[in-house]
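For reference, the structure is listed below as structure tokens.
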Amino acid sequence: MSAASSSGDGPSQGDGPSRGDGRSRGDGQSRGDGREARGASAMQVATGLPVRGRRWKRGELNPAFRIVASIVIPTFRFSSNYHWYGPNRLPADGAFVLAPNHFTNIDPLVVGTAVYISRRAPRFLAKASLFKVPVFGKLMSGMGQIPVERSGRTRLSDPLGGGRSLIEQGGAIIVYPEGTLTRDPDLWPMRGKTGAVRIALENDVPLIPMAHWGTQGIMARYSNKLRLFPRSRVDVIVGDPVDLSAYRGRPIDQQMLIEATELLMQRITELLEQLRGEQAPKTRWDPAANNQKETGRFE
């Protein structure tokens, strides 16, 4: 999990200035907060707990989870007013891969809170460097988070081995298919990487797309200021599992993974369009085509 982000101003209000190319300005401050569009949505919206009455399963939370949750969950439930869109919710049990969009460094804590209050233990593929931070690294390991080296190697000498191990135990894993914060100047999902799809196909488990919007009100991209009040509205939508039936049972090759990953990114983008009340660009942002590195800051 990483954290960094917002100038104390939070997101801009109203429409941002045009850049002259059909997009709003690309400074990480998205056009308005989307509430006008959200209010016009006919989709079912719920607040509070996403699944009332759901209980933790025995043994799912270990001491490390309980320690971290005692700090993180109250903080983000206090600072975030969650709105749950649509009828779909995370499964109560069984393994699955959850694939959200990613546009601020605070996303893992906000998404992790959403998963936790759905009574599922949030586990991520996380940067290996985080596991070297004193105390925090120990808690990360204790919670069962999975370190990934920049080179793509994990503690199991396999980029996705840690994820497979968790899935085999019936757990759920959160994988950001973009691999890093989106480079799209208007915060739409960019080109995806194949890890989430590969884990889902190799283990024959559901691949569930998710989108959220509003975390930039808590911490904007690449800032280092946390804005806990006034409460920020965070909209969350969980989609139906991606239909991978055309790919399951076939030998896995790179072309298949690329095709299935584009399908996943399209589903995530469609969910985000519903939350934002806007239409995403027709062409998905590709860092390589725009002379951008895929790691580190680019602003």
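The chains in the structure tokens are called A, B, ... from first to last as shown; in each chain the residues are counted from 1, and the ligands are counted from 1 in the order shown.
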
So which residues of segment 17-206 of chain A fall under strand (DSSP E) by DSSP, listed as a JSON list (two decimals) with C-alpha atoms, in the first residue's frame?
```json
[["chain", "number", "residue", "atom", "x", "y", "z"],
["A", 45, "VAL", "CA", -27.09, 4.07, -4.44],
["A", 46, "ALA", "CA", -26.54, 3.02, -0.83],
["A", 47, "THR", "CA", -24.52, 4.53, 1.99],
["A", 80, "SER", "CA", -14.83, 9.31, 3.49],
["A", 81, "ASN", "CA", -18.54, 9.22, 2.85],
["A", 82, "TYR", "CA", -18.85, 6.01, 0.86],
["A", 83, "HIS", "CA", -21.61, 5.70, -1.73],
["A", 84, "TRP", "CA", -22.15, 2.20, -3.14],
["A", 85, "TYR", "CA", -23.57, 2.05, -6.66],
["A", 96, "PHE", "CA", -11.47, -13.93, -6.56],
["A", 97, "VAL", "CA", -9.30, -11.24, -8.13],
["A", 98, "LEU", "CA", -10.49, -7.66, -7.65],
["A", 99, "ALA", "CA", -9.24, -5.17, -10.26],
["A", 100, "PRO", "CA", -9.83, -1.46, -9.46],
["A", 125, "LEU", "CA", 0.44, -7.05, -4.68],
["A", 126, "ALA", "CA", 2.56, -4.23, -3.20],
["A", 127, "LYS", "CA", 5.92, -2.62, -3.91],
["A", 146, "ILE", "CA", 2.53, -9.76, -1.35],
["A", 147, "PRO", "CA", 5.80, -7.94, -2.18],
["A", 148, "VAL", "CA", 6.64, -7.35, -5.82],
["A", 172, "ALA", "CA", -9.20, -12.58, -2.41],
["A", 173, "ILE", "CA", -6.47, -10.43, -3.90],
["A", 174, "ILE", "CA", -6.56, -6.85, -5.15]]
```

Mind the document's chain letters and residue numbers, and return as a PDB file with all heavy atoms, in the first residue's frame the residues of segment 160-224 of chain A that DSSP labels helix (DSSP H, G or I).
```pdb
ATOM      1  N   GLY A 161       3.403 -15.554  -8.177  1.00  0.00           N
ATOM      2  CA  GLY A 161       3.316 -16.725  -7.318  1.00  0.00           C
ATOM      3  C   GLY A 161       2.634 -16.448  -6.003  1.00  0.00           C
ATOM      4  O   GLY A 161       1.853 -17.265  -5.508  1.00  0.00           O
ATOM      5  N   GLY A 162       2.928 -15.273  -5.412  1.00  0.00           N
ATOM      6  CA  GLY A 162       2.295 -14.932  -4.144  1.00  0.00           C
ATOM      7  C   GLY A 162       0.794 -14.819  -4.283  1.00  0.00           C
ATOM      8  O   GLY A 162       0.035 -15.235  -3.408  1.00  0.00           O
ATOM      9  N   GLY A 163       0.346 -14.255  -5.401  1.00  0.00           N
ATOM     10  CA  GLY A 163      -1.085 -14.154  -5.646  1.00  0.00           C
ATOM     11  C   GLY A 163      -1.727 -15.514  -5.799  1.00  0.00           C
ATOM     12  O   GLY A 163      -2.804 -15.776  -5.266  1.00  0.00           O
ATOM     13  N   ARG A 164      -1.072 -16.410  -6.519  1.00  0.00           N
ATOM     14  CA  ARG A 164      -1.613 -17.754  -6.696  1.00  0.00           C
ATOM     15  C   ARG A 164      -1.709 -18.487  -5.373  1.00  0.00           C
ATOM     16  O   ARG A 164      -2.675 -19.193  -5.108  1.00  0.00           O
ATOM     17  CB  ARG A 164      -0.749 -18.533  -7.687  1.00  0.00           C
ATOM     18  CG  ARG A 164      -0.961 -18.106  -9.129  1.00  0.00           C
ATOM     19  CD  ARG A 164      -0.403 -19.145 -10.070  1.00  0.00           C
ATOM     20  NE  ARG A 164       1.048 -19.237  -9.990  1.00  0.00           N
ATOM     21  CZ  ARG A 164       1.874 -18.529 -10.758  1.00  0.00           C
ATOM     22  NH1 ARG A 164       1.393 -17.679 -11.648  1.00  0.00           N
ATOM     23  NH2 ARG A 164       3.171 -18.672 -10.659  1.00  0.00           N
ATOM     24  N   SER A 165      -0.695 -18.297  -4.526  1.00  0.00           N
ATOM     25  CA  SER A 165      -0.702 -18.966  -3.224  1.00  0.00           C
ATOM     26  C   SER A 165      -1.900 -18.515  -2.395  1.00  0.00           C
ATOM     27  O   SER A 165      -2.582 -19.335  -1.765  1.00  0.00           O
ATOM     28  CB  SER A 165       0.597 -18.670  -2.478  1.00  0.00           C
ATOM     29  OG  SER A 165       0.587 -19.236  -1.190  1.00  0.00           O
ATOM     30  N   LEU A 166      -2.190 -17.229  -2.418  1.00  0.00           N
ATOM     31  CA  LEU A 166      -3.327 -16.709  -1.669  1.00  0.00           C
ATOM     32  C   LEU A 166      -4.634 -17.229  -2.238  1.00  0.00           C
ATOM     33  O   LEU A 166      -5.537 -17.644  -1.503  1.00  0.00           O
ATOM     34  CB  LEU A 166      -3.310 -15.176  -1.702  1.00  0.00           C
ATOM     35  CG  LEU A 166      -4.486 -14.470  -1.030  1.00  0.00           C
ATOM     36  CD1 LEU A 166      -4.540 -14.803   0.455  1.00  0.00           C
ATOM     37  CD2 LEU A 166      -4.380 -12.967  -1.234  1.00  0.00           C
ATOM     38  N   ILE A 167      -4.757 -17.233  -3.566  1.00  0.00           N
ATOM     39  CA  ILE A 167      -5.971 -17.711  -4.216  1.00  0.00           C
ATOM     40  C   ILE A 167      -6.227 -19.174  -3.864  1.00  0.00           C
ATOM     41  O   ILE A 167      -7.364 -19.592  -3.617  1.00  0.00           O
ATOM     42  CB  ILE A 167      -5.875 -17.540  -5.741  1.00  0.00           C
ATOM     43  CG1 ILE A 167      -5.919 -16.053  -6.127  1.00  0.00           C
ATOM     44  CG2 ILE A 167      -6.965 -18.312  -6.453  1.00  0.00           C
ATOM     45  CD1 ILE A 167      -7.221 -15.373  -5.858  1.00  0.00           C
ATOM     46  N   GLU A 168      -5.169 -19.973  -3.830  1.00  0.00           N
ATOM     47  CA  GLU A 168      -5.319 -21.396  -3.505  1.00  0.00           C
ATOM     48  C   GLU A 168      -5.882 -21.600  -2.109  1.00  0.00           C
ATOM     49  O   GLU A 168      -6.503 -22.631  -1.828  1.00  0.00           O
ATOM     50  CB  GLU A 168      -3.965 -22.094  -3.642  1.00  0.00           C
ATOM     51  CG  GLU A 168      -3.502 -22.247  -5.090  1.00  0.00           C
ATOM     52  CD  GLU A 168      -2.064 -22.703  -5.194  1.00  0.00           C
ATOM     53  OE1 GLU A 168      -1.428 -22.879  -4.121  1.00  0.00           O
ATOM     54  OE2 GLU A 168      -1.570 -22.877  -6.321  1.00  0.00           O
ATOM     55  N   GLY A 195      -1.208  -9.048 -15.366  1.00  0.00           N
ATOM     56  CA  GLY A 195      -1.124  -9.849 -14.148  1.00  0.00           C
ATOM     57  C   GLY A 195      -2.462 -10.272 -13.579  1.00  0.00           C
ATOM     58  O   GLY A 195      -2.641 -11.433 -13.188  1.00  0.00           O
ATOM     59  N   ALA A 196      -3.429  -9.353 -13.492  1.00  0.00           N
ATOM     60  CA  ALA A 196      -4.729  -9.689 -12.905  1.00  0.00           C
ATOM     61  C   ALA A 196      -5.420 -10.781 -13.711  1.00  0.00           C
ATOM     62  O   ALA A 196      -5.966 -11.742 -13.151  1.00  0.00           O
ATOM     63  CB  ALA A 196      -5.606  -8.438 -12.834  1.00  0.00           C
ATOM     64  N   VAL A 197      -5.391 -10.652 -15.028  1.00  0.00           N
ATOM     65  CA  VAL A 197      -6.022 -11.646 -15.897  1.00  0.00           C
ATOM     66  C   VAL A 197      -5.324 -12.996 -15.774  1.00  0.00           C
ATOM     67  O   VAL A 197      -5.968 -14.042 -15.699  1.00  0.00           O
ATOM     68  CB  VAL A 197      -6.020 -11.160 -17.361  1.00  0.00           C
ATOM     69  CG1 VAL A 197      -6.359 -12.301 -18.311  1.00  0.00           C
ATOM     70  CG2 VAL A 197      -7.001 -10.012 -17.537  1.00  0.00           C
ATOM     71  N   ARG A 198      -4.006 -12.975 -15.726  1.00  0.00           N
ATOM     72  CA  ARG A 198      -3.258 -14.235 -15.635  1.00  0.00           C
ATOM     73  C   ARG A 198      -3.603 -14.984 -14.353  1.00  0.00           C
ATOM     74  O   ARG A 198      -3.843 -16.197 -14.380  1.00  0.00           O
ATOM     75  CB  ARG A 198      -1.751 -13.981 -15.700  1.00  0.00           C
ATOM     76  CG  ARG A 198      -0.948 -15.267 -15.613  1.00  0.00           C
ATOM     77  CD  ARG A 198       0.548 -14.985 -15.602  1.00  0.00           C
ATOM     78  NE  ARG A 198       1.032 -14.616 -16.909  1.00  0.00           N
ATOM     79  CZ  ARG A 198       1.392 -15.498 -17.849  1.00  0.00           C
ATOM     80  NH1 ARG A 198       1.287 -16.795 -17.617  1.00  0.00           N
ATOM     81  NH2 ARG A 198       1.842 -15.082 -19.006  1.00  0.00           N
ATOM     82  N   ILE A 199      -3.647 -14.285 -13.230  1.00  0.00           N
ATOM     83  CA  ILE A 199      -3.982 -14.950 -11.964  1.00  0.00           C
ATOM     84  C   ILE A 199      -5.385 -15.553 -12.040  1.00  0.00           C
ATOM     85  O   ILE A 199      -5.612 -16.693 -11.616  1.00  0.00           O
ATOM     86  CB  ILE A 199      -3.888 -13.959 -10.782  1.00  0.00           C
ATOM     87  CG1 ILE A 199      -2.451 -13.518 -10.565  1.00  0.00           C
ATOM     88  CG2 ILE A 199      -4.426 -14.597  -9.502  1.00  0.00           C
ATOM     89  CD1 ILE A 199      -2.282 -12.450  -9.502  1.00  0.00           C
ATOM     90  N   ALA A 200      -6.336 -14.798 -12.591  1.00  0.00           N
ATOM     91  CA  ALA A 200      -7.712 -15.281 -12.675  1.00  0.00           C
ATOM     92  C   ALA A 200      -7.819 -16.505 -13.581  1.00  0.00           C
ATOM     93  O   ALA A 200      -8.509 -17.481 -13.248  1.00  0.00           O
ATOM     94  CB  ALA A 200      -8.625 -14.169 -13.171  1.00  0.00           C
ATOM     95  N   LEU A 201      -7.136 -16.477 -14.732  1.00  0.00           N
ATOM     96  CA  LEU A 201      -7.216 -17.594 -15.671  1.00  0.00           C
ATOM     97  C   LEU A 201      -6.480 -18.819 -15.158  1.00  0.00           C
ATOM     98  O   LEU A 201      -6.987 -19.945 -15.250  1.00  0.00           O
ATOM     99  CB  LEU A 201      -6.650 -17.181 -17.034  1.00  0.00           C
ATOM    100  CG  LEU A 201      -7.514 -16.232 -17.870  1.00  0.00           C
ATOM    101  CD1 LEU A 201      -6.765 -15.812 -19.131  1.00  0.00           C
ATOM    102  CD2 LEU A 201      -8.850 -16.874 -18.214  1.00  0.00           C
ATOM    103  N   GLU A 202      -5.285 -18.633 -14.619  1.00  0.00           N
ATOM    104  CA  GLU A 202      -4.507 -19.777 -14.160  1.00  0.00           C
ATOM    105  C   GLU A 202      -5.160 -20.484 -12.985  1.00  0.00           C
ATOM    106  O   GLU A 202      -4.957 -21.684 -12.788  1.00  0.00           O
ATOM    107  CB  GLU A 202      -3.095 -19.335 -13.780  1.00  0.00           C
ATOM    108  CG  GLU A 202      -2.233 -18.953 -14.980  1.00  0.00           C
ATOM    109  CD  GLU A 202      -0.802 -18.640 -14.596  1.00  0.00           C
ATOM    110  OE1 GLU A 202      -0.536 -18.430 -13.386  1.00  0.00           O
ATOM    111  OE2 GLU A 202       0.048 -18.602 -15.497  1.00  0.00           O
ATOM    112  N   ASN A 203      -5.948 -19.739 -12.209  1.00  0.00           N
ATOM    113  CA  ASN A 203      -6.570 -20.330 -11.021  1.00  0.00           C
ATOM    114  C   ASN A 203      -8.072 -20.536 -11.167  1.00  0.00           C
ATOM    115  O   ASN A 203      -8.725 -20.995 -10.232  1.00  0.00           O
ATOM    116  CB  ASN A 203      -6.282 -19.440  -9.806  1.00  0.00           C
ATOM    117  CG  ASN A 203      -4.813 -19.372  -9.481  1.00  0.00           C
ATOM    118  OD1 ASN A 203      -4.263 -20.253  -8.815  1.00  0.00           O
ATOM    119  ND2 ASN A 203      -4.144 -18.329  -9.957  1.00  0.00           N
ATOM    120  N   THR A 215     -11.391   9.825  -4.382  1.00  0.00           N
ATOM    121  CA  THR A 215     -10.234   9.748  -3.474  1.00  0.00           C
ATOM    122  C   THR A 215      -9.308  10.940  -3.636  1.00  0.00           C
ATOM    123  O   THR A 215      -8.559  11.261  -2.713  1.00  0.00           O
ATOM    124  CB  THR A 215      -9.438   8.450  -3.700  1.00  0.00           C
ATOM    125  OG1 THR A 215      -9.031   8.369  -5.058  1.00  0.00           O
ATOM    126  CG2 THR A 215     -10.275   7.237  -3.359  1.00  0.00           C
ATOM    127  N   GLN A 216      -9.366  11.624  -4.780  1.00  0.00           N
ATOM    128  CA  GLN A 216      -8.531  12.809  -4.972  1.00  0.00           C
ATOM    129  C   GLN A 216      -8.928  13.930  -4.030  1.00  0.00           C
ATOM    130  O   GLN A 216      -8.164  14.878  -3.831  1.00  0.00           O
ATOM    131  CB  GLN A 216      -8.582  13.275  -6.434  1.00  0.00           C
ATOM    132  CG  GLN A 216      -9.926  13.841  -6.895  1.00  0.00           C
ATOM    133  CD  GLN A 216     -10.870  12.776  -7.395  1.00  0.00           C
ATOM    134  OE1 GLN A 216     -10.882  11.655  -6.902  1.00  0.00           O
ATOM    135  NE2 GLN A 216     -11.691  13.121  -8.384  1.00  0.00           N
ATOM    136  N   GLY A 217     -10.122  13.834  -3.420  1.00  0.00           N
ATOM    137  CA  GLY A 217     -10.516  14.805  -2.408  1.00  0.00           C
ATOM    138  C   GLY A 217      -9.826  14.571  -1.083  1.00  0.00           C
ATOM    139  O   GLY A 217      -9.735  15.476  -0.257  1.00  0.00           O
TER     140      GLY A 217
END
```

Write out as a ChimeraX atom specification the residues lying within 7 Å of segment 272-275 of chain A, counting only C-alpha atoms and excluding same-chain residues fewer than 3 positions away.
/A:38,211-213,235,268-269,278-280

Residues of the last selection are to be written out with N, CA, C and O atoms, as an mmCIF file, in the first residue's frame.
```
data_model
loop_
_atom_site.group_PDB
_atom_site.id
_atom_site.type_symbol
_atom_site.label_atom_id
_atom_site.label_comp_id
_atom_site.auth_asym_id
_atom_site.auth_seq_id
_atom_site.Cartn_x
_atom_site.Cartn_y
_atom_site.Cartn_z
ATOM 1 N N ARG A 38 -23.562 12.371 -10.728
ATOM 2 C CA ARG A 38 -23.968 11.261 -9.875
ATOM 3 C C ARG A 38 -25.407 11.435 -9.409
ATOM 4 O O ARG A 38 -26.184 10.496 -9.330
ATOM 5 N N ALA A 211 -14.584 0.181 -9.809
ATOM 6 C CA ALA A 211 -14.174 1.568 -10.050
ATOM 7 C C ALA A 211 -14.552 2.407 -8.846
ATOM 8 O O ALA A 211 -15.530 2.126 -8.152
ATOM 9 N N HIS A 212 -13.759 3.417 -8.590
ATOM 10 C CA HIS A 212 -14.065 4.356 -7.512
ATOM 11 C C HIS A 212 -13.694 5.756 -7.989
ATOM 12 O O HIS A 212 -12.887 5.934 -8.900
ATOM 13 N N TRP A 213 -14.290 6.739 -7.353
ATOM 14 C CA TRP A 213 -14.043 8.128 -7.725
ATOM 15 C C TRP A 213 -14.242 8.997 -6.496
ATOM 16 O O TRP A 213 -15.152 8.759 -5.709
ATOM 17 N N ASP A 235 -17.267 7.428 -4.291
ATOM 18 C CA ASP A 235 -18.237 6.566 -4.960
ATOM 19 C C ASP A 235 -17.567 5.275 -5.383
ATOM 20 O O ASP A 235 -16.452 5.296 -5.925
ATOM 21 N N ILE A 268 -13.691 -1.772 -16.524
ATOM 22 C CA ILE A 268 -13.379 -0.804 -15.467
ATOM 23 C C ILE A 268 -13.724 0.605 -15.929
ATOM 24 O O ILE A 268 -14.305 1.404 -15.182
ATOM 25 N N THR A 269 -13.370 0.922 -17.171
ATOM 26 C CA THR A 269 -13.653 2.246 -17.719
ATOM 27 C C THR A 269 -15.145 2.518 -17.782
ATOM 28 O O THR A 269 -15.616 3.612 -17.443
ATOM 29 N N GLU A 278 -19.466 10.922 -17.239
ATOM 30 C CA GLU A 278 -18.732 11.434 -18.398
ATOM 31 C C GLU A 278 -18.329 10.263 -19.275
ATOM 32 O O GLU A 278 -18.349 9.114 -18.833
ATOM 33 N N GLN A 279 -17.931 10.575 -20.492
ATOM 34 C CA GLN A 279 -17.470 9.549 -21.410
ATOM 35 C C GLN A 279 -15.950 9.587 -21.486
ATOM 36 O O GLN A 279 -15.347 10.648 -21.643
ATOM 37 N N ALA A 280 -15.336 8.430 -21.376
ATOM 38 C CA ALA A 280 -13.879 8.342 -21.452
ATOM 39 C C ALA A 280 -13.415 8.575 -22.890
ATOM 40 O O ALA A 280 -14.186 8.394 -23.839
#
```

Pick out the closest residue to Pro91 of chain A from this set: A:Arg120, A:Arg231, A:Lys138, A:Lys132. Count only C-alpha atoms.
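Nearest candidate to Pro91 of chain A out of A:Arg120, A:Arg231, A:Lys138, A:Lys132: A:Arg120.
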
From the list A:Gly239, A:Ile218, A:Val205, A:Met143, which residue is nearest Gly94 of chain A when using only C-alpha atoms?
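Ranked by minimum distance to Gly94 of chain A, first place goes to A:Val205.
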
Have a look at A:Gly142, A:Pro87, A:Pro251, A:Gly112 and name the one nearest to Met43 of chain A; count only C-alpha atoms.
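So, comparing all the options, the nearest one is A:Pro87.
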
Name the residues in contact with Gly179 of chain A at a cut-off of 9 Å, using only C-alpha atoms, excluding same-chain residues fewer than 5 positions from it; report them as a list in words.
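The residues satisfying every condition are His102, Gly192, Lys193, Gly195, Glu294 and Thr295 of chain A.
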
Using only C-alpha atoms, which protein or nucleic acid residues come within 7 Å of Leu181 of chain A? Drop anything in the same chain fewer than 2 positions from it, and give the result as an NGL selection string.
:A and (102-104 or 183)
